[in-house]
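Everything on this sheet refers to the single structure shown next.
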Amino acid sequence: MNIVRSAKYILAAMIVVMGFVMGSCSDETAEDITIASTHPSNEQEQQYTVRFMAMGKEIARETVLLGSFPKVPEVEAAEGSRLGGWVNSKGHRAQPAATPVVADCEYTAVFFPLLDQEEPYLFTDGEGLLHPDTVLNSTELLSALNALASQNAREIFPDLSDVKDDVTAGELRKALTGFYTLDELDRVILGFDEAEKLSRSQFAAIMNALLGRDESELVIPAENSYCIPDVSPDRADYRTLMEACVAHGHSPDGCVWDAVDMTPMYSEGYVLVEGNLYYANEKGFFIRDTVEGSLTFGYDGRYTSGNSSLDGFVSAVIADIAEVETYEKTSDLLRAAYDYCCQSFGYAERNIYAAGARGWEMAEALTMFEYKTGNSYSYTAVFWALARGLGYEAQAVNGSYGTDNLSHAWVEIEIDGENCIFDPAANVGAFEEVDPGTDMFMVSTEQAAAMGYIKD
């Protein structure tokens, strides 16, 4: 009975309490109750501070709710520079306007050197050649970027010392992150393999796109200037290269190239530049991808034997000869090349070819340059290669010599309408029948026949 009575007392007390509570809430409307139930929690009301820095100073400070986005202030760049974006406190590239705030944070403005849209940045050498198809090197890259950036941007010019030797697409992209955003770079470089070495022409195409240069502008050549011989108008990238290497401005009529005209720098004919042979047409531009006589000229305009290693040997020798020899005409260089053959190699037994055989010249020339000794075929091959590298349509001849009809080789070149024989091997005493002092440079066919030369 006591237990039942106690339970009744407890139930009555609970009813009294509930009535009190209901009475205290009787003045609150339904609307008030709804608002109270949706009021944000303390966590949702959390606020954070976002600071914006530029050039070592705070330029803006903003209090932002958790998960909200800050308002990015306008930043005035110093002369010679432009705003390149923002980095966070860890130095990583950031986009404040698209990054929700979850803590106190700080963004620092990044400035890029402002590059000129009209100044040249690729330069010709002392011979007036641009060499558009050679690989861009680090010195040329640094020179180009320095030429485009004003003196006012020196303080923010990036360190490019990590770029070494030939420049690859990956190295160029890395170097240009000090001048352009990643998005800007990816639009023009992403198609290249990172390990691909870039030619000067490819570099020009990339930089023109980044600089916003219009390669379709009407060109108005300036007066009293000259064309660039190895940048002929028949190149698909002609305007690209001219945009890169010629100072220019814009007028209502079109683009004015201030340092280029169609005045030829070289007259028509063979041109020797730093040991390399070119052929200038009637307009002064070097021919490309074609044959002149029996000499082949490649895409870059240079003569080629068809073997790059042999071309390297030949151009190096001719460059050395041209540097130390005083000559008034090409025949003087031909004499110097002949003397080089006689003085630079030793005689040794090597391959002998059947009478009338052809196609051995290139292999024998390479062997002679490498081992420095050889027989008449080796001497002949070297002089044949050098003579052609000077613009002579030299022919290697495989015949016989002397009363014993010994297998022998020599070079024949038509000079002033007369076929002449050149035999450096005989000149150095390869045969007992020939006095070592006998000069076998430019001997007439009649003289050679009297000495026992028989052309098979």
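To be explicit about the labels: the chains of the structure tokens are called A, B, and onward in the order shown, and within each one the residues are counted from 1, while ligands get numbers from 1 in the order they are shown.
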
Practice task
Pick out each residue of segment 32-275 of chain A that DSSP on the backbone tags as strand (DSSP E or B); I need them as a PyMOL selection string.
Solution key: chain A and resi 47-54+57-65+81-87+93-94+105-113+115+135+137+149+166+168+197+199+219-221+248-251+254-257+269-273

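The spacing separating atom CA of Ile352 of chain A from atom CA of Leu386 of chain A amounts to 21.4 Å.
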
Exercise for the section: Measuring atom to atom with only C-alpha atoms, identify which of A:Asn152, A:Gln117, A:Thr168, A:Asn137 is nearest to Ala77 of chain A. Expected result: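 Closest residue, counting only C-alpha atoms: A:Asn152.
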
Fill in the blank from the handout: Students should find that atom CA of Leu198 of chain A and atom CA of Leu185 of chain A are spaced 15.2 Å

As a compact mmCIF listing (two decimals) with N, CA and C atoms, in the first residue's frame, please: the residues near Arg187 of chain A (cut-off 10 Å, only C-alpha atoms, same-chain neighbours under 4 positions excluded).
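The file below, selection_34.txt, is the result:
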```txt
# COMPACT_ATOMS: atom_id res chain seq x y z
N LEU A 182 50.69 29.34 -64.82
CA LEU A 182 50.72 27.98 -65.37
C LEU A 182 49.67 27.79 -66.44
N ASP A 183 48.52 28.41 -66.27
CA ASP A 183 47.47 28.31 -67.28
C ASP A 183 47.92 28.94 -68.59
N GLY A 191 51.67 20.94 -75.60
CA GLY A 191 51.77 19.98 -76.69
C GLY A 191 53.16 19.45 -76.94
N ILE A 206 56.37 30.00 -79.50
CA ILE A 206 55.86 29.97 -78.13
C ILE A 206 55.80 31.37 -77.54
N ALA A 209 53.10 33.66 -79.04
CA ALA A 209 51.76 33.35 -78.52
C ALA A 209 51.58 33.92 -77.11
N LEU A 210 52.61 33.81 -76.28
CA LEU A 210 52.52 34.35 -74.92
C LEU A 210 52.45 35.88 -74.93
```

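Atom CA of Ser400 of chain A is found 10.8 Å from atom CA of Ala449 of chain A.
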
Exercise for the section: Give me the residues within 7 Å of Leu122 of chain A as a list of chain:residue names, counting only C-alpha atoms and dropping any in the same chain fewer than 5 places off. Expected result: A:Ala144, A:Ala244, A:Cys245

Serialized selection, all heavy atoms, as a short mmCIF file (atom, residue, chain, number, x, y, z; two decimals), in the first residue's frame:
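File produced: out10.cif:
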```
data_model
loop_
_atom_site.label_atom_id
_atom_site.label_comp_id
_atom_site.auth_asym_id
_atom_site.auth_seq_id
_atom_site.Cartn_x
_atom_site.Cartn_y
_atom_site.Cartn_z
N ALA A 144 67.08 36.73 -74.61
CA ALA A 144 65.75 37.07 -75.12
C ALA A 144 64.87 37.67 -74.03
O ALA A 144 64.22 38.70 -74.24
CB ALA A 144 65.09 35.81 -75.69
N ALA A 244 59.73 37.89 -84.16
CA ALA A 244 60.65 37.67 -83.04
C ALA A 244 61.95 38.43 -83.17
O ALA A 244 62.57 38.77 -82.16
CB ALA A 244 60.94 36.18 -82.90
N CYS A 245 62.39 38.70 -84.40
CA CYS A 245 63.75 39.22 -84.54
C CYS A 245 63.84 40.64 -85.07
O CYS A 245 64.94 41.18 -85.22
CB CYS A 245 64.57 38.29 -85.45
SG CYS A 245 64.05 38.29 -87.17
#
```

Exercise for the section: Just the residues within 12 Å of Gly56 of chain A, please, counting only C-alpha atoms, with nothing from its chain fewer than 4 positions along; format it as number ranges by chain. Expected result: A: 52, 107-110

Can I get the selection written as a PDB file, in the first residue's frame, with all heavy atoms?
```pdb
ATOM      1  N   PHE A  52      45.793  40.161 -47.024  1.00  0.00           N
ATOM      2  CA  PHE A  52      46.362  40.227 -48.363  1.00  0.00           C
ATOM      3  C   PHE A  52      47.608  41.112 -48.317  1.00  0.00           C
ATOM      4  O   PHE A  52      47.551  42.252 -47.818  1.00  0.00           O
ATOM      5  CB  PHE A  52      45.349  40.780 -49.365  1.00  0.00           C
ATOM      6  CG  PHE A  52      44.197  39.845 -49.619  1.00  0.00           C
ATOM      7  CD1 PHE A  52      43.022  39.941 -48.873  1.00  0.00           C
ATOM      8  CD2 PHE A  52      44.298  38.860 -50.586  1.00  0.00           C
ATOM      9  CE1 PHE A  52      41.961  39.083 -49.096  1.00  0.00           C
ATOM     10  CE2 PHE A  52      43.235  37.990 -50.820  1.00  0.00           C
ATOM     11  CZ  PHE A  52      42.075  38.096 -50.076  1.00  0.00           C
ATOM     12  N   TYR A 107      47.521  35.749 -47.977  1.00  0.00           N
ATOM     13  CA  TYR A 107      47.880  35.617 -49.384  1.00  0.00           C
ATOM     14  C   TYR A 107      48.818  36.760 -49.765  1.00  0.00           C
ATOM     15  O   TYR A 107      48.615  37.897 -49.346  1.00  0.00           O
ATOM     16  CB  TYR A 107      46.639  35.649 -50.274  1.00  0.00           C
ATOM     17  CG  TYR A 107      45.717  34.469 -50.065  1.00  0.00           C
ATOM     18  CD1 TYR A 107      44.516  34.616 -49.357  1.00  0.00           C
ATOM     19  CD2 TYR A 107      46.028  33.218 -50.568  1.00  0.00           C
ATOM     20  CE1 TYR A 107      43.658  33.537 -49.169  1.00  0.00           C
ATOM     21  CE2 TYR A 107      45.175  32.129 -50.384  1.00  0.00           C
ATOM     22  CZ  TYR A 107      44.000  32.297 -49.677  1.00  0.00           C
ATOM     23  OH  TYR A 107      43.170  31.231 -49.495  1.00  0.00           O
ATOM     24  N   THR A 108      49.809  36.422 -50.583  1.00  0.00           N
ATOM     25  CA  THR A 108      50.781  37.423 -51.020  1.00  0.00           C
ATOM     26  C   THR A 108      50.751  37.534 -52.535  1.00  0.00           C
ATOM     27  O   THR A 108      50.777  36.521 -53.244  1.00  0.00           O
ATOM     28  CB  THR A 108      52.207  37.046 -50.578  1.00  0.00           C
ATOM     29  OG1 THR A 108      52.226  36.939 -49.147  1.00  0.00           O
ATOM     30  CG2 THR A 108      53.217  38.087 -51.029  1.00  0.00           C
ATOM     31  N   ALA A 109      50.683  38.756 -53.024  1.00  0.00           N
ATOM     32  CA  ALA A 109      50.636  38.993 -54.468  1.00  0.00           C
ATOM     33  C   ALA A 109      51.981  38.649 -55.109  1.00  0.00           C
ATOM     34  O   ALA A 109      53.047  38.947 -54.562  1.00  0.00           O
ATOM     35  CB  ALA A 109      50.282  40.449 -54.750  1.00  0.00           C
ATOM     36  N   VAL A 110      51.918  38.003 -56.271  1.00  0.00           N
ATOM     37  CA  VAL A 110      53.104  37.667 -57.051  1.00  0.00           C
ATOM     38  C   VAL A 110      53.122  38.556 -58.286  1.00  0.00           C
ATOM     39  O   VAL A 110      52.127  38.669 -58.997  1.00  0.00           O
ATOM     40  CB  VAL A 110      53.092  36.185 -57.482  1.00  0.00           C
ATOM     41  CG1 VAL A 110      54.263  35.875 -58.401  1.00  0.00           C
ATOM     42  CG2 VAL A 110      53.119  35.284 -56.265  1.00  0.00           C
TER      43      VAL A 110
END
```

Handout entry: Non-local contacts of Leu141 of chain A (10 Å; only C-alpha atoms; under 4 positions in same chain excluded) as a PyMOL selection string
Key = chain A and resi 121-122+136-137+145-147+160+163+166-167+172+175+200+203

Could you dump the residues just selected with N, CA, C and O atoms as a PDB file, in the first residue's frame?
```
ATOM      1  N   TYR A 121      63.633  39.866 -79.799  1.00  0.00           N
ATOM      2  CA  TYR A 121      64.264  39.087 -78.738  1.00  0.00           C
ATOM      3  C   TYR A 121      65.106  37.929 -79.276  1.00  0.00           C
ATOM      4  O   TYR A 121      65.813  37.266 -78.531  1.00  0.00           O
ATOM      5  N   LEU A 122      65.033  37.690 -80.585  1.00  0.00           N
ATOM      6  CA  LEU A 122      65.959  36.769 -81.238  1.00  0.00           C
ATOM      7  C   LEU A 122      66.878  37.604 -82.110  1.00  0.00           C
ATOM      8  O   LEU A 122      66.409  38.495 -82.820  1.00  0.00           O
ATOM      9  N   LEU A 136      67.840  26.142 -79.373  1.00  0.00           N
ATOM     10  CA  LEU A 136      67.957  27.289 -78.469  1.00  0.00           C
ATOM     11  C   LEU A 136      68.832  26.904 -77.280  1.00  0.00           C
ATOM     12  O   LEU A 136      68.654  25.837 -76.692  1.00  0.00           O
ATOM     13  N   ASN A 137      69.787  27.750 -76.922  1.00  0.00           N
ATOM     14  CA  ASN A 137      70.595  27.466 -75.733  1.00  0.00           C
ATOM     15  C   ASN A 137      70.246  28.429 -74.607  1.00  0.00           C
ATOM     16  O   ASN A 137      69.513  29.406 -74.796  1.00  0.00           O
ATOM     17  N   LEU A 145      64.840  37.048 -72.867  1.00  0.00           N
ATOM     18  CA  LEU A 145      63.974  37.531 -71.785  1.00  0.00           C
ATOM     19  C   LEU A 145      64.462  38.866 -71.235  1.00  0.00           C
ATOM     20  O   LEU A 145      63.664  39.726 -70.860  1.00  0.00           O
ATOM     21  N   ASN A 146      65.769  39.046 -71.196  1.00  0.00           N
ATOM     22  CA  ASN A 146      66.316  40.334 -70.762  1.00  0.00           C
ATOM     23  C   ASN A 146      65.959  41.441 -71.747  1.00  0.00           C
ATOM     24  O   ASN A 146      65.707  42.588 -71.356  1.00  0.00           O
ATOM     25  N   ALA A 147      65.950  41.103 -73.033  1.00  0.00           N
ATOM     26  CA  ALA A 147      65.628  42.098 -74.052  1.00  0.00           C
ATOM     27  C   ALA A 147      64.168  42.525 -73.964  1.00  0.00           C
ATOM     28  O   ALA A 147      63.826  43.672 -74.268  1.00  0.00           O
ATOM     29  N   LEU A 160      67.482  32.441 -63.455  1.00  0.00           N
ATOM     30  CA  LEU A 160      67.412  31.425 -64.504  1.00  0.00           C
ATOM     31  C   LEU A 160      68.705  30.619 -64.599  1.00  0.00           C
ATOM     32  O   LEU A 160      68.984  30.000 -65.621  1.00  0.00           O
ATOM     33  N   VAL A 163      68.885  26.820 -65.829  1.00  0.00           N
ATOM     34  CA  VAL A 163      68.760  26.411 -67.227  1.00  0.00           C
ATOM     35  C   VAL A 163      70.159  26.266 -67.808  1.00  0.00           C
ATOM     36  O   VAL A 163      70.935  27.212 -67.831  1.00  0.00           O
ATOM     37  N   ASP A 166      71.498  23.309 -73.981  1.00  0.00           N
ATOM     38  CA  ASP A 166      70.331  23.309 -74.858  1.00  0.00           C
ATOM     39  C   ASP A 166      69.047  23.307 -74.029  1.00  0.00           C
ATOM     40  O   ASP A 166      68.950  22.606 -73.027  1.00  0.00           O
ATOM     41  N   VAL A 167      68.073  24.079 -74.468  1.00  0.00           N
ATOM     42  CA  VAL A 167      66.842  24.267 -73.700  1.00  0.00           C
ATOM     43  C   VAL A 167      65.764  23.292 -74.178  1.00  0.00           C
ATOM     44  O   VAL A 167      65.444  23.231 -75.365  1.00  0.00           O
ATOM     45  N   LEU A 172      62.068  25.239 -70.464  1.00  0.00           N
ATOM     46  CA  LEU A 172      61.494  26.531 -70.834  1.00  0.00           C
ATOM     47  C   LEU A 172      60.252  26.822 -70.001  1.00  0.00           C
ATOM     48  O   LEU A 172      60.075  27.937 -69.511  1.00  0.00           O
ATOM     49  N   ALA A 175      61.337  27.853 -66.570  1.00  0.00           N
ATOM     50  CA  ALA A 175      61.934  29.194 -66.571  1.00  0.00           C
ATOM     51  C   ALA A 175      60.875  30.278 -66.710  1.00  0.00           C
ATOM     52  O   ALA A 175      60.970  31.345 -66.087  1.00  0.00           O
ATOM     53  N   ARG A 200      65.209  27.517 -82.243  1.00  0.00           N
ATOM     54  CA  ARG A 200      64.943  28.946 -82.077  1.00  0.00           C
ATOM     55  C   ARG A 200      63.600  29.317 -82.705  1.00  0.00           C
ATOM     56  O   ARG A 200      62.897  30.195 -82.207  1.00  0.00           O
ATOM     57  N   PHE A 203      60.866  28.258 -80.276  1.00  0.00           N
ATOM     58  CA  PHE A 203      60.849  29.217 -79.165  1.00  0.00           C
ATOM     59  C   PHE A 203      60.124  30.494 -79.579  1.00  0.00           C
ATOM     60  O   PHE A 203      59.326  31.055 -78.809  1.00  0.00           O
TER      61      PHE A 203
END
```

Please build the interface table for segment 66-175 of chain A against segment 262-266 of chain A with a cut-off of 12 Å, listing for each qualifying residue the nearest atom pair and the distance in Å to one decimal; count only C-alpha atoms, order rows by chain and increasing number, and write it as JSON lines.
```
{"residue": "A:Glu127", "atom": "CA", "partner": "A:Met265", "partner_atom": "CA", "distance": 9.5}
{"residue": "A:Gly128", "atom": "CA", "partner": "A:Met265", "partner_atom": "CA", "distance": 8.1}
{"residue": "A:Leu129", "atom": "CA", "partner": "A:Met265", "partner_atom": "CA", "distance": 10.1}
```

Would you mind exporting the chosen residues as an mmCIF file, in the first residue's frame, restricted to N, CA and C atoms?
```cif
data_model
loop_
_atom_site.group_PDB
_atom_site.id
_atom_site.type_symbol
_atom_site.label_atom_id
_atom_site.label_comp_id
_atom_site.auth_asym_id
_atom_site.auth_seq_id
_atom_site.Cartn_x
_atom_site.Cartn_y
_atom_site.Cartn_z
ATOM 1 N N GLU A 127 77.248 37.559 -89.014
ATOM 2 C CA GLU A 127 77.100 37.432 -90.465
ATOM 3 C C GLU A 127 75.694 37.775 -90.925
ATOM 4 N N GLY A 128 74.837 38.204 -90.000
ATOM 5 C CA GLY A 128 73.470 38.561 -90.365
ATOM 6 C C GLY A 128 72.524 37.396 -90.455
ATOM 7 N N LEU A 129 72.898 36.228 -89.902
ATOM 8 C CA LEU A 129 72.059 35.038 -89.967
ATOM 9 C C LEU A 129 71.352 34.810 -88.639
#
```

Exercise for the section: Extract, using only C-alpha atoms, all DNA, RNA and protein residues at most 8 Å from Ser232 of chain A, discarding same-chain residues fewer than 3 positions from it, and format them as a list in words. Expected result: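 Returned residues: Ile228, Pro229, Arg235, Tyr238, Phe285 and Phe286 of chain A.
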
Exercise for the section: Using only C-alpha atoms, pick whichever of A:Leu390, A:Leu115, A:Leu310, A:Ala205 has the shortest atom-to-atom distance to Lys329 of chain A. Expected result: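 Under the stated criterion, the closest residue is A:Leu390.
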
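Comparing the minimum interatomic distances between Met442 of chain A and each of A:Ala354, A:Leu218, A:Cys420, A:Ala426, counting only C-alpha atoms, we find that A:Cys420 sits nearest.
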
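Between Thr296 of chain A and the candidates A:Gly391, A:Thr124, A:Ala316, A:Leu241, the tightest atom-to-atom separation, counting only C-alpha atoms, involves A:Gly391.
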
Problem - alpha helix (DSSP H) positions in segment 306-356 of chain A, given as a PyMOL selection string - result: chain A and resi 308-324+330-344

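For the choices A:Gly170, A:Ile415, A:Ile220, A:Arg93, the atom-to-atom distance to Ser251 of chain A is smallest for A:Ile220 when using only C-alpha atoms.
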
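The residue that comes closest to Asp230 of chain A, out of A:Glu196, A:Asp133, A:Glu292, A:Glu412 and on the basis of only C-alpha atoms, is A:Asp133.
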